[in-house]
file structure-v7.cif (mmCIF, C-alpha atoms and all ligand atoms; chains and numbers go by the auth columns)
data_target
loop_
_atom_site.group_PDB
_atom_site.id
_atom_site.type_symbol
_atom_site.label_atom_id
_atom_site.label_comp_id
_atom_site.label_asym_id
_atom_site.label_seq_id
_atom_site.Cartn_x
_atom_site.Cartn_y
_atom_site.Cartn_z
_atom_site.B_iso_or_equiv
_atom_site.auth_seq_id
_atom_site.auth_asym_id
ATOM 1 C CA MET A 1 11.676 -29.927 10.563 0.00 1 N
ATOM 2 C CA SER A 2 8.894 -27.446 10.756 0.00 2 N
ATOM 3 C CA GLU A 3 7.032 -26.705 7.544 0.00 3 N
ATOM 4 C CA PHE A 4 7.300 -22.969 7.945 0.00 4 N
ATOM 5 C CA GLN A 5 9.501 -20.382 9.624 0.00 5 N
ATOM 6 C CA THR A 6 8.379 -17.014 10.855 0.00 6 N
ATOM 7 C CA PHE A 7 10.182 -13.698 10.783 0.00 7 N
ATOM 8 C CA ILE A 8 8.759 -10.647 12.524 0.00 8 N
ATOM 9 C CA GLY A 9 9.976 -7.298 11.260 0.00 9 N
ATOM 10 C CA GLY A 10 9.368 -3.582 10.959 0.00 10 N
ATOM 11 C CA ILE A 11 7.711 -1.046 13.191 0.00 11 N
ATOM 12 C CA PHE A 12 4.338 -2.831 12.917 0.00 12 N
ATOM 13 C CA ASP A 13 5.746 -6.254 13.897 0.00 13 N
ATOM 14 C CA THR A 14 4.723 -7.779 10.607 0.00 14 N
ATOM 15 C CA ASN A 15 5.030 -11.521 10.054 0.00 15 N
ATOM 16 C CA ALA A 16 6.804 -13.069 7.081 0.00 16 N
ATOM 17 C CA TYR A 17 6.498 -16.812 6.566 0.00 17 N
ATOM 18 C CA LEU A 18 8.927 -19.007 4.724 0.00 18 N
ATOM 19 C CA VAL A 19 7.133 -22.174 3.666 0.00 19 N
ATOM 20 C CA LYS A 20 8.754 -25.302 2.331 0.00 20 N
ATOM 21 C CA ALA A 21 7.333 -26.476 -0.997 0.00 21 N
ATOM 22 C CA PRO A 22 8.451 -29.497 -3.035 0.00 22 N
ATOM 23 C CA ALA A 23 10.245 -27.274 -5.552 0.00 23 N
ATOM 24 C CA GLY A 24 11.722 -24.657 -3.208 0.00 24 N
ATOM 25 C CA GLU A 25 10.913 -22.147 -0.515 0.00 25 N
ATOM 26 C CA ILE A 26 7.983 -19.769 -0.731 0.00 26 N
ATOM 27 C CA LEU A 27 8.254 -16.482 1.118 0.00 27 N
ATOM 28 C CA PHE A 28 4.974 -14.849 2.078 0.00 28 N
ATOM 29 C CA ASP A 29 5.405 -11.101 2.543 0.00 29 N
ATOM 30 C CA ALA A 30 8.555 -9.114 3.062 0.00 30 N
ATOM 31 C CA PRO A 31 8.506 -6.791 6.071 0.00 31 N
ATOM 32 C CA THR A 32 11.484 -4.596 6.922 0.00 32 N
ATOM 33 C CA GLY A 33 14.482 -6.739 7.807 0.00 33 N
ATOM 34 C CA THR A 34 13.387 -9.892 5.998 0.00 34 N
ATOM 35 C CA LEU A 35 16.371 -9.814 3.651 0.00 35 N
ATOM 36 C CA GLY A 36 18.806 -9.622 6.562 0.00 36 N
ATOM 37 C CA TRP A 37 17.062 -12.506 8.316 0.00 37 N
ATOM 38 C CA LEU A 38 17.175 -14.687 5.206 0.00 38 N
ATOM 39 C CA GLU A 39 20.874 -13.994 4.684 0.00 39 N
ATOM 40 C CA GLN A 40 21.734 -14.547 8.312 0.00 40 N
ATOM 41 C CA GLN A 41 19.853 -17.859 8.382 0.00 41 N
ATOM 42 C CA ASN A 42 21.232 -18.917 5.008 0.00 42 N
ATOM 43 C CA LEU A 43 17.750 -19.207 3.581 0.00 43 N
ATOM 44 C CA THR A 44 16.888 -18.769 -0.077 0.00 44 N
ATOM 45 C CA PRO A 45 13.368 -17.948 -1.182 0.00 45 N
ATOM 46 C CA HIS A 46 12.511 -19.133 -4.683 0.00 46 N
ATOM 47 C CA LEU A 47 9.222 -17.313 -4.840 0.00 47 N
ATOM 48 C CA LEU A 48 7.756 -14.286 -3.068 0.00 48 N
ATOM 49 C CA LEU A 49 3.995 -14.149 -2.696 0.00 49 N
ATOM 50 C CA ILE A 50 2.480 -10.925 -1.406 0.00 50 N
ATOM 51 C CA THR A 51 -0.728 -11.160 0.613 0.00 51 N
ATOM 52 C CA HIS A 52 -1.497 -7.478 0.137 0.00 52 N
ATOM 53 C CA GLY A 53 0.187 -4.250 -0.784 0.00 53 N
ATOM 54 C CA HIS A 54 0.515 -2.455 2.545 0.00 54 N
ATOM 55 C CA ILE A 55 3.975 -1.021 3.061 0.00 55 N
ATOM 56 C CA ASP A 56 4.751 -3.052 6.157 0.00 56 N
ATOM 57 C CA HIS A 57 4.351 -6.256 4.120 0.00 57 N
ATOM 58 C CA ILE A 58 6.417 -5.262 1.104 0.00 58 N
ATOM 59 C CA ASP A 59 9.189 -3.051 2.443 0.00 59 N
ATOM 60 C CA ASP A 60 11.951 -5.561 1.585 0.00 60 N
ATOM 61 C CA ALA A 61 10.302 -7.050 -1.512 0.00 61 N
ATOM 62 C CA ALA A 62 12.358 -5.203 -4.125 0.00 62 N
ATOM 63 C CA LYS A 63 15.626 -5.990 -2.313 0.00 63 N
ATOM 64 C CA ILE A 64 14.751 -9.657 -1.966 0.00 64 N
ATOM 65 C CA LYS A 65 13.781 -9.913 -5.609 0.00 65 N
ATOM 66 C CA LYS A 66 17.124 -8.387 -6.576 0.00 66 N
ATOM 67 C CA ARG A 67 19.205 -10.460 -4.195 0.00 67 N
ATOM 68 C CA PHE A 68 17.671 -13.878 -4.935 0.00 68 N
ATOM 69 C CA GLY A 69 16.168 -13.331 -8.370 0.00 69 N
ATOM 70 C CA CYS A 70 12.920 -14.817 -7.161 0.00 70 N
ATOM 71 C CA GLN A 71 9.632 -14.245 -8.914 0.00 71 N
ATOM 72 C CA VAL A 72 7.112 -12.002 -7.201 0.00 72 N
ATOM 73 C CA GLY A 73 3.370 -12.623 -7.359 0.00 73 N
ATOM 74 C CA CYS A 74 0.408 -10.626 -6.092 0.00 74 N
ATOM 75 C CA HIS A 75 -3.167 -9.746 -6.977 0.00 75 N
ATOM 76 C CA ALA A 76 -3.764 -7.169 -9.721 0.00 76 N
ATOM 77 C CA ASP A 77 -5.339 -4.780 -7.208 0.00 77 N
ATOM 78 C CA SER A 78 -2.098 -4.731 -5.221 0.00 78 N
ATOM 79 C CA VAL A 79 -0.033 -3.496 -8.157 0.00 79 N
ATOM 80 C CA PRO A 80 -0.796 0.218 -7.737 0.00 80 N
ATOM 81 C CA LEU A 81 0.209 -0.021 -4.066 0.00 81 N
ATOM 82 C CA ILE A 82 3.510 -1.831 -4.527 0.00 82 N
ATOM 83 C CA SER A 83 4.752 -0.393 -7.802 0.00 83 N
ATOM 84 C CA ASN A 84 4.094 3.292 -7.279 0.00 84 N
ATOM 85 C CA PRO A 85 6.589 4.988 -4.965 0.00 85 N
ATOM 86 C CA ASP A 86 4.185 7.832 -4.265 0.00 86 N
ATOM 87 C CA PHE A 87 1.136 5.752 -3.435 0.00 87 N
ATOM 88 C CA PHE A 88 1.548 5.865 0.310 0.00 88 N
ATOM 89 C CA LYS A 89 2.864 9.399 0.492 0.00 89 N
ATOM 90 C CA GLN A 90 -0.471 10.771 -0.604 0.00 90 N
ATOM 91 C CA PHE A 91 -1.946 9.269 2.555 0.00 91 N
ATOM 92 C CA GLY A 92 0.672 10.751 4.841 0.00 92 N
ATOM 93 C CA PHE A 93 2.796 7.670 5.423 0.00 93 N
ATOM 94 C CA PHE A 94 6.416 8.571 5.887 0.00 94 N
ATOM 95 C CA LEU A 95 7.778 5.187 4.874 0.00 95 N
ATOM 96 C CA GLU A 96 9.164 4.953 1.388 0.00 96 N
ATOM 97 C CA PRO A 97 9.479 1.359 0.298 0.00 97 N
ATOM 98 C CA GLU A 98 11.349 0.692 -2.892 0.00 98 N
ATOM 99 C CA PRO A 99 8.674 -0.085 -5.484 0.00 99 N
ATOM 100 C CA VAL A 100 8.559 -3.647 -6.778 0.00 100 N
ATOM 101 C CA GLN A 101 7.116 -4.976 -10.019 0.00 101 N
ATOM 102 C CA PRO A 102 5.283 -8.290 -9.843 0.00 102 N
ATOM 103 C CA ASP A 103 6.355 -11.000 -12.306 0.00 103 N
ATOM 104 C CA PHE A 104 2.913 -12.531 -12.376 0.00 104 N
ATOM 105 C CA LEU A 105 -0.555 -11.831 -11.084 0.00 105 N
ATOM 106 C CA ILE A 106 -2.600 -14.131 -8.889 0.00 106 N
ATOM 107 C CA SER A 107 -6.361 -14.468 -9.113 0.00 107 N
ATOM 108 C CA GLU A 108 -8.785 -16.133 -6.778 0.00 108 N
ATOM 109 C CA GLY A 109 -9.192 -19.840 -7.460 0.00 109 N
ATOM 110 C CA LYS A 110 -8.756 -23.326 -6.150 0.00 110 N
ATOM 111 C CA SER A 111 -5.778 -25.633 -6.552 0.00 111 N
ATOM 112 C CA GLN A 112 -3.096 -23.257 -7.738 0.00 112 N
ATOM 113 C CA ASP A 113 0.431 -24.556 -8.025 0.00 113 N
ATOM 114 C CA PHE A 114 3.248 -22.596 -6.380 0.00 114 N
ATOM 115 C CA LEU A 115 6.563 -24.459 -6.502 0.00 115 N
ATOM 116 C CA SER A 116 4.576 -27.719 -6.670 0.00 116 N
ATOM 117 C CA SER A 117 2.643 -26.876 -3.510 0.00 117 N
ATOM 118 C CA ILE A 118 -1.100 -26.594 -4.031 0.00 118 N
ATOM 119 C CA PHE A 119 -3.006 -23.646 -2.562 0.00 119 N
ATOM 120 C CA ASP A 120 -6.586 -22.482 -2.780 0.00 120 N
ATOM 121 C CA VAL A 121 -6.318 -18.732 -3.235 0.00 121 N
ATOM 122 C CA LEU A 122 -9.047 -16.603 -1.668 0.00 122 N
ATOM 123 C CA LEU A 123 -9.634 -12.969 -2.521 0.00 123 N
ATOM 124 C CA VAL A 124 -10.643 -11.280 0.735 0.00 124 N
ATOM 125 C CA PRO A 125 -10.914 -7.511 0.227 0.00 125 N
ATOM 126 C CA GLY A 126 -12.140 -5.211 2.979 0.00 126 N
ATOM 127 C CA HIS A 127 -8.857 -4.653 4.818 0.00 127 N
ATOM 128 C CA CYS A 128 -7.527 -3.443 1.490 0.00 128 N
ATOM 129 C CA PRO A 129 -8.185 -4.164 -2.189 0.00 129 N
ATOM 130 C CA GLY A 130 -6.473 -7.252 -3.581 0.00 130 N
ATOM 131 C CA SER A 131 -5.936 -8.923 -0.213 0.00 131 N
ATOM 132 C CA LEU A 132 -5.219 -12.617 -0.749 0.00 132 N
ATOM 133 C CA CYS A 133 -5.315 -15.623 1.576 0.00 133 N
ATOM 134 C CA PHE A 134 -3.454 -18.796 0.648 0.00 134 N
ATOM 135 C CA PHE A 135 -5.010 -22.018 1.950 0.00 135 N
ATOM 136 C CA SER A 136 -3.048 -25.251 1.855 0.00 136 N
ATOM 137 C CA PRO A 137 -5.517 -28.123 2.328 0.00 137 N
ATOM 138 C CA GLU A 138 -2.639 -30.567 2.424 0.00 138 N
ATOM 139 C CA GLN A 139 -0.614 -28.749 5.080 0.00 139 N
ATOM 140 C CA ASN A 140 -3.708 -27.536 6.868 0.00 140 N
ATOM 141 C CA PHE A 141 -2.853 -23.854 7.120 0.00 141 N
ATOM 142 C CA LEU A 142 -3.968 -20.503 5.792 0.00 142 N
ATOM 143 C CA VAL A 143 -1.531 -17.688 5.161 0.00 143 N
ATOM 144 C CA GLY A 144 -4.032 -14.948 5.808 0.00 144 N
ATOM 145 C CA GLY A 145 -2.359 -11.557 5.613 0.00 145 N
ATOM 146 C CA ASP A 146 -4.217 -8.918 7.607 0.00 146 N
ATOM 147 C CA VAL A 147 -7.803 -10.117 7.355 0.00 147 N
ATOM 148 C CA LEU A 148 -8.030 -12.303 10.472 0.00 148 N
ATOM 149 C CA PHE A 149 -5.928 -12.266 13.648 0.00 149 N
ATOM 150 C CA ALA A 150 -6.058 -14.086 16.958 0.00 150 N
ATOM 151 C CA GLY A 151 -8.940 -12.281 18.643 0.00 151 N
ATOM 152 C CA SER A 152 -9.187 -9.531 16.059 0.00 152 N
ATOM 153 C CA ILE A 153 -9.655 -8.661 12.405 0.00 153 N
ATOM 154 C CA GLY A 154 -7.938 -6.328 9.969 0.00 154 N
ATOM 155 C CA ARG A 155 -8.379 -2.589 10.310 0.00 155 N
ATOM 156 C CA THR A 156 -10.557 -0.995 7.679 0.00 156 N
ATOM 157 C CA ASP A 157 -9.749 2.681 8.089 0.00 157 N
ATOM 158 C CA LEU A 158 -6.971 2.737 5.494 0.00 158 N
ATOM 159 C CA PRO A 159 -7.569 3.641 1.816 0.00 159 N
ATOM 160 C CA GLY A 160 -9.806 1.066 0.128 0.00 160 N
ATOM 161 C CA GLY A 161 -10.835 -0.464 3.429 0.00 161 N
ATOM 162 C CA ASN A 162 -14.442 -1.405 4.074 0.00 162 N
ATOM 163 C CA HIS A 163 -15.611 -3.018 7.295 0.00 163 N
ATOM 164 C CA SER A 164 -18.790 -4.704 6.087 0.00 164 N
ATOM 165 C CA GLU A 165 -16.992 -6.006 3.007 0.00 165 N
ATOM 166 C CA LEU A 166 -14.320 -7.553 5.211 0.00 166 N
ATOM 167 C CA ILE A 167 -16.863 -9.181 7.545 0.00 167 N
ATOM 168 C CA GLU A 168 -18.859 -10.508 4.613 0.00 168 N
ATOM 169 C CA ASN A 169 -15.765 -11.990 2.979 0.00 169 N
ATOM 170 C CA LEU A 170 -14.536 -13.506 6.233 0.00 170 N
ATOM 171 C CA PHE A 171 -17.833 -15.311 6.736 0.00 171 N
ATOM 172 C CA SER A 172 -18.276 -16.455 3.156 0.00 172 N
ATOM 173 C CA LYS A 173 -14.686 -17.483 2.366 0.00 173 N
ATOM 174 C CA VAL A 174 -12.485 -17.840 5.432 0.00 174 N
ATOM 175 C CA LEU A 175 -14.647 -19.116 8.288 0.00 175 N
ATOM 176 C CA VAL A 176 -16.000 -21.874 6.052 0.00 176 N
ATOM 177 C CA LEU A 177 -12.582 -23.554 6.126 0.00 177 N
ATOM 178 C CA PRO A 178 -12.174 -26.556 8.443 0.00 178 N
ATOM 179 C CA ASP A 179 -12.052 -25.631 12.151 0.00 179 N
ATOM 180 C CA GLY A 180 -8.624 -27.182 12.548 0.00 180 N
ATOM 181 C CA THR A 181 -7.046 -24.966 9.905 0.00 181 N
ATOM 182 C CA ARG A 182 -4.124 -23.039 11.352 0.00 182 N
ATOM 183 C CA VAL A 183 -4.204 -19.351 10.503 0.00 183 N
ATOM 184 C CA LEU A 184 -0.808 -17.729 9.937 0.00 184 N
ATOM 185 C CA PRO A 185 -1.695 -14.048 10.214 0.00 185 N
ATOM 186 C CA GLY A 186 0.167 -10.948 9.121 0.00 186 N
ATOM 187 C CA HIS A 187 0.527 -9.856 12.747 0.00 187 N
ATOM 188 C CA GLY A 188 0.496 -11.721 16.037 0.00 188 N
ATOM 189 C CA PRO A 189 0.426 -15.418 16.900 0.00 189 N
ATOM 190 C CA VAL A 190 -0.870 -18.374 14.933 0.00 190 N
ATOM 191 C CA THR A 191 -4.492 -19.265 15.645 0.00 191 N
ATOM 192 C CA THR A 192 -7.098 -21.607 14.149 0.00 192 N
ATOM 193 C CA ILE A 193 -10.354 -21.091 12.282 0.00 193 N
ATOM 194 C CA GLY A 194 -12.265 -22.937 15.031 0.00 194 N
ATOM 195 C CA GLU A 195 -10.746 -20.826 17.781 0.00 195 N
ATOM 196 C CA GLU A 196 -11.677 -17.581 16.009 0.00 196 N
ATOM 197 C CA LYS A 197 -15.192 -18.804 15.209 0.00 197 N
ATOM 198 C CA ARG A 198 -15.734 -19.475 18.906 0.00 198 N
ATOM 199 C CA HIS A 199 -13.959 -16.562 20.556 0.00 199 N
ATOM 200 C CA ASN A 200 -13.259 -13.693 18.141 0.00 200 N
ATOM 201 C CA PRO A 201 -15.403 -10.760 19.365 0.00 201 N
ATOM 202 C CA PHE A 202 -15.438 -9.180 15.898 0.00 202 N
ATOM 203 C CA LEU A 203 -17.147 -12.190 14.374 0.00 203 N
ATOM 204 C CA ARG A 204 -20.353 -12.252 16.395 0.00 204 N
HETATM 205 ZN ZN ZN B . -2.364 -4.542 5.971 0.00 1 I
HETATM 206 ZN ZN ZN B . 0.003 -5.506 8.208 0.00 2 I
#
call {"tool": "encode", "arguments": {"input": "structure-v7.cif", "output": "structure tokens"}}
result
Amino acid sequence: MSEFQTFIGGIFDTNAYLVKAPAGEILFDAPTGTLGWLEQQNLTPHLLLITHGHIDHIDDAAKIKKRFGCQVGCHADSVPLISNPDFFKQFGFFLEPEPVQPDFLISEGKSQDFLSSIFDVLLVPGHCPGSLCFFSPEQNFLVGGDVLFAGSIGRTDLPGGNHSELIENLFSKVLVLPDGTRVLPGHGPVTTIGEEKRHNPFLR
């Protein structure tokens, strides 16, 4: 049995990950279509963790919360993005995700317990405010959101983005993880920290 399952949804091909924890299933992000995938596969998330508040990662969050009654957690800086229906309209995005209210807020810090799975939570702003990465030392992976991709990094031209902030945070918090750490990004294939340190052209 694999320790996580991936769903790719929405017009930006956004990844959702369903990760097995001792006390249930943790869903990371909720792109368009995630609810349908979960229902079709007979999967039940017990917790929804949001890496960051961009629409393509939260489009199905409110529906999933309603359907499964799962708790939703995100960083405080993501709240304005996910709870205000007009937030994205002011920037010309035509998508209108149903706003979702988090049940609890997540801060940066080591050894945080989510359904009895332990994650080090990293705050990695630069792609957008409140962007979180979840590192499982035990399972040797990082759910990274949109900060680091195979051969690329997150865009910084959206509201609250800042290129040098992103680079600085990647070097100080993400690239210091063990080389063998698998990175489960918000878009595209799984990679590793070592692979990106060696070959990612944005990190030179
Ligand atoms: Zn994003
Ligand atoms: Zn994204």
call {"tool": "closest_residue", "arguments": {"input": "structure-v7.cif", "among": "N:Phe149, N:Phe68, N:Phe134, N:Phe104", "to": "ligand ZN 1 (chain I)", "atoms": "only C-alpha atoms and all ligand atoms"}}
result
N:Phe149
call {"tool": "residues_near_ligand", "arguments": {"input": "structure-v7.cif", "ligand": "ligand ZN 2 (chain I)", "cutoff": "12 Å", "atoms": "all atoms listed in the file", "output": "VMD selection string"}}
result
chain N and resid 8 to 16 29 to 32 50 to 59 127 to 128 131 144 to 149 153 to 156 158 185 to 188
call {"tool": "residues_around", "arguments": {"input": "structure-v7.cif", "residues": "Leu142 (chain N)", "least_positions_apart": "3", "cutoff": "6 Å", "atoms": "only C-alpha atoms", "output": "list in words"}}
result
Phe134, Phe135, Val183 and Leu184 of chain N
call {"tool": "write_last_selection", "arguments": {"input": "structure-v7.cif", "atoms": "C-alpha atoms", "output": "PDB file, in the coordinates of the input"}}
result
ATOM      1  CA  PHE N 134      -3.454 -18.796   0.648  1.00  0.00           C
ATOM      2  CA  PHE N 135      -5.010 -22.018   1.950  1.00  0.00           C
ATOM      3  CA  VAL N 183      -4.204 -19.351  10.503  1.00  0.00           C
ATOM      4  CA  LEU N 184      -0.808 -17.729   9.937  1.00  0.00           C
TER       5      LEU N 184
END
call {"tool": "atom_distance", "arguments": {"input": "structure-v7.cif", "atom1": "CA of Asp60 (chain N)", "atom2": "CA of Pro99 (chain N)"}}
result
9.5 Å
call {"tool": "residues_around", "arguments": {"input": "structure-v7.cif", "residues": "His199 (chain N)", "least_positions_apart": "4", "cutoff": "10 Å", "atoms": "only C-alpha atoms", "output": "ChimeraX atom specification"}}
result
/N:150-152,194-195,203-204
call {"tool": "closest_residue", "arguments": {"input": "structure-v7.cif", "among": "N:Leu48, N:Ile193, N:Leu81, N:Val174", "to": "ligand ZN 1 (chain I)", "atoms": "only C-alpha atoms and all ligand atoms"}}
result
N:Leu81
call {"tool": "closest_residue", "arguments": {"input": "structure-v7.cif", "among": "N:Pro80, N:Gly109, N:Gly73, N:Gly160", "to": "ligand ZN 1 (chain I)", "atoms": "all atoms listed in the file"}}
result
N:Gly160
call {"tool": "atom_distance", "arguments": {"input": "structure-v7.cif", "atom1": "CA of Glu108 (chain N)", "atom2": "CA of Arg198 (chain N)"}}
result
26.8 Å
call {"tool": "resolve_selection", "arguments": {"input": "structure-v7.cif", "expression": "the PyMOL selection byres (((chain N and resi 18-21) around 8) and not hetatm)", "output": "NGL selection string"}}
result
:N and (3-6 or 16-17 or 22-28 or 45 or 114-117)
call {"tool": "closest_residue", "arguments": {"input": "structure-v7.cif", "among": "N:Ala61, N:Val79, N:Leu132, N:Leu123", "to": "ligand ZN 1 (chain I)", "atoms": "all atoms listed in the file"}}
result
N:Leu132
call {"tool": "closest_residue", "arguments": {"input": "structure-v7.cif", "among": "N:Gly33, N:Pro137, N:Gly161, N:Gly69", "to": "ligand ZN 1 (chain I)", "atoms": "all atoms listed in the file"}}
result
N:Gly161
call {"tool": "resolve_selection", "arguments": {"input": "structure-v7.cif", "expression": "the PyMOL selection byres (((chain N and resi 84) around 10) and not hetatm)", "output": "list in words"}}
result
Val79, Pro80, Leu81, Ile82, Ser83, Pro85, Asp86, Phe87, Phe88, Lys89, Pro97, Glu98, Pro99, Val100 and Gln101 of chain N
call {"tool": "closest_residue", "arguments": {"input": "structure-v7.cif", "among": "N:Pro189, N:Gly180, N:Pro201, N:Pro159", "to": "ligand ZN 1 (chain I)", "atoms": "only C-alpha atoms and all ligand atoms"}}
result
N:Pro159
call {"tool": "atom_distance", "arguments": {"input": "structure-v7.cif", "atom1": "CA of Glu138 (chain N)", "atom2": "CA of Cys70 (chain N)"}}
result
24.1 Å
call {"tool": "resolve_selection", "arguments": {"input": "structure-v7.cif", "expression": "the PyMOL selection byres (((chain N and resi 181) around 6) and not hetatm)", "output": "number ranges by chain"}}
result
N: 140-141, 178-180, 182, 192-193
call {"tool": "residues_around", "arguments": {"input": "structure-v7.cif", "residues": "Cys74 (chain N)", "least_positions_apart": "3", "cutoff": "7 Å", "atoms": "all atoms listed in the file", "output": "ChimeraX atom specification"}}
result
/N:49-51,78,102,105-106
call {"tool": "write_last_selection", "arguments": {"input": "structure-v7.cif", "atoms": "C-alpha atoms", "output": "PDB file, in the coordinates of the input"}}
result
ATOM      1  CA  LEU N  49       3.995 -14.149  -2.696  1.00  0.00           C
ATOM      2  CA  ILE N  50       2.480 -10.925  -1.406  1.00  0.00           C
ATOM      3  CA  THR N  51      -0.728 -11.160   0.613  1.00  0.00           C
ATOM      4  CA  SER N  78      -2.098  -4.731  -5.221  1.00  0.00           C
ATOM      5  CA  PRO N 102       5.283  -8.290  -9.843  1.00  0.00           C
ATOM      6  CA  LEU N 105      -0.555 -11.831 -11.084  1.00  0.00           C
ATOM      7  CA  ILE N 106      -2.600 -14.131  -8.889  1.00  0.00           C
TER       8      ILE N 106
END
call {"tool": "decode", "arguments": {"input": "structure-v7.cif", "residues": "region 31-38 of chain N", "atoms": "all heavy atoms", "output": "CSV table (one decimal), in the first residue's frame"}}
result
chain,number,residue,atom,x,y,z
N,31,PRO,N,-8.0,20.8,-5.0
N,31,PRO,CA,-8.3,21.4,-6.3
N,31,PRO,C,-9.6,20.9,-6.8
N,31,PRO,O,-10.2,20.0,-6.3
N,31,PRO,CB,-7.2,20.8,-7.2
N,31,PRO,CG,-6.6,19.7,-6.5
N,31,PRO,CD,-6.8,19.9,-5.0
N,32,THR,N,-10.1,21.6,-7.8
N,32,THR,CA,-11.4,21.3,-8.5
N,32,THR,C,-11.5,19.8,-8.8
N,32,THR,O,-10.5,19.2,-9.4
N,32,THR,CB,-11.5,22.1,-9.8
N,32,THR,OG1,-11.1,23.4,-9.6
N,32,THR,CG2,-12.9,22.1,-10.3
N,33,GLY,N,-12.5,19.2,-8.4
N,33,GLY,CA,-12.7,17.8,-8.7
N,33,GLY,C,-12.3,16.8,-7.6
N,33,GLY,O,-12.5,15.6,-7.7
N,34,THR,N,-11.7,17.3,-6.6
N,34,THR,CA,-11.2,16.4,-5.5
N,34,THR,C,-12.3,15.7,-4.8
N,34,THR,O,-12.2,14.5,-4.5
N,34,THR,CB,-10.4,17.2,-4.4
N,34,THR,OG1,-9.3,18.0,-5.1
N,34,THR,CG2,-9.7,16.3,-3.4
N,35,LEU,N,-13.4,16.4,-4.6
N,35,LEU,CA,-14.5,15.7,-3.9
N,35,LEU,C,-15.0,14.5,-4.7
N,35,LEU,O,-15.2,13.4,-4.2
N,35,LEU,CB,-15.7,16.7,-3.7
N,35,LEU,CG,-17.0,16.1,-3.1
N,35,LEU,CD1,-16.7,15.5,-1.8
N,35,LEU,CD2,-18.1,17.2,-3.0
N,36,GLY,N,-15.2,14.7,-6.0
N,36,GLY,CA,-15.6,13.7,-6.9
N,36,GLY,C,-14.7,12.5,-6.9
N,36,GLY,O,-15.1,11.3,-6.9
N,37,TRP,N,-13.4,12.8,-6.9
N,37,TRP,CA,-12.4,11.7,-6.9
N,37,TRP,C,-12.5,10.9,-5.6
N,37,TRP,O,-12.5,9.7,-5.6
N,37,TRP,CB,-11.0,12.3,-7.0
N,37,TRP,CG,-9.9,11.4,-6.7
N,37,TRP,CD1,-9.5,10.4,-7.5
N,37,TRP,CD2,-8.9,11.4,-5.6
N,37,TRP,NE1,-8.4,9.7,-7.0
N,37,TRP,CE2,-8.0,10.4,-5.8
N,37,TRP,CE3,-8.8,12.3,-4.5
N,37,TRP,CZ2,-7.0,10.1,-4.9
N,37,TRP,CZ3,-7.8,12.0,-3.6
N,37,TRP,CH2,-6.9,11.0,-3.8
N,38,LEU,N,-12.6,11.6,-4.5
N,38,LEU,CA,-12.7,11.0,-3.1
N,38,LEU,C,-13.9,10.0,-3.1
N,38,LEU,O,-13.8,8.9,-2.7
N,38,LEU,CB,-12.8,12.0,-2.0
N,38,LEU,CG,-11.6,12.8,-1.8
N,38,LEU,CD1,-11.9,14.0,-0.9
N,38,LEU,CD2,-10.4,12.0,-1.1
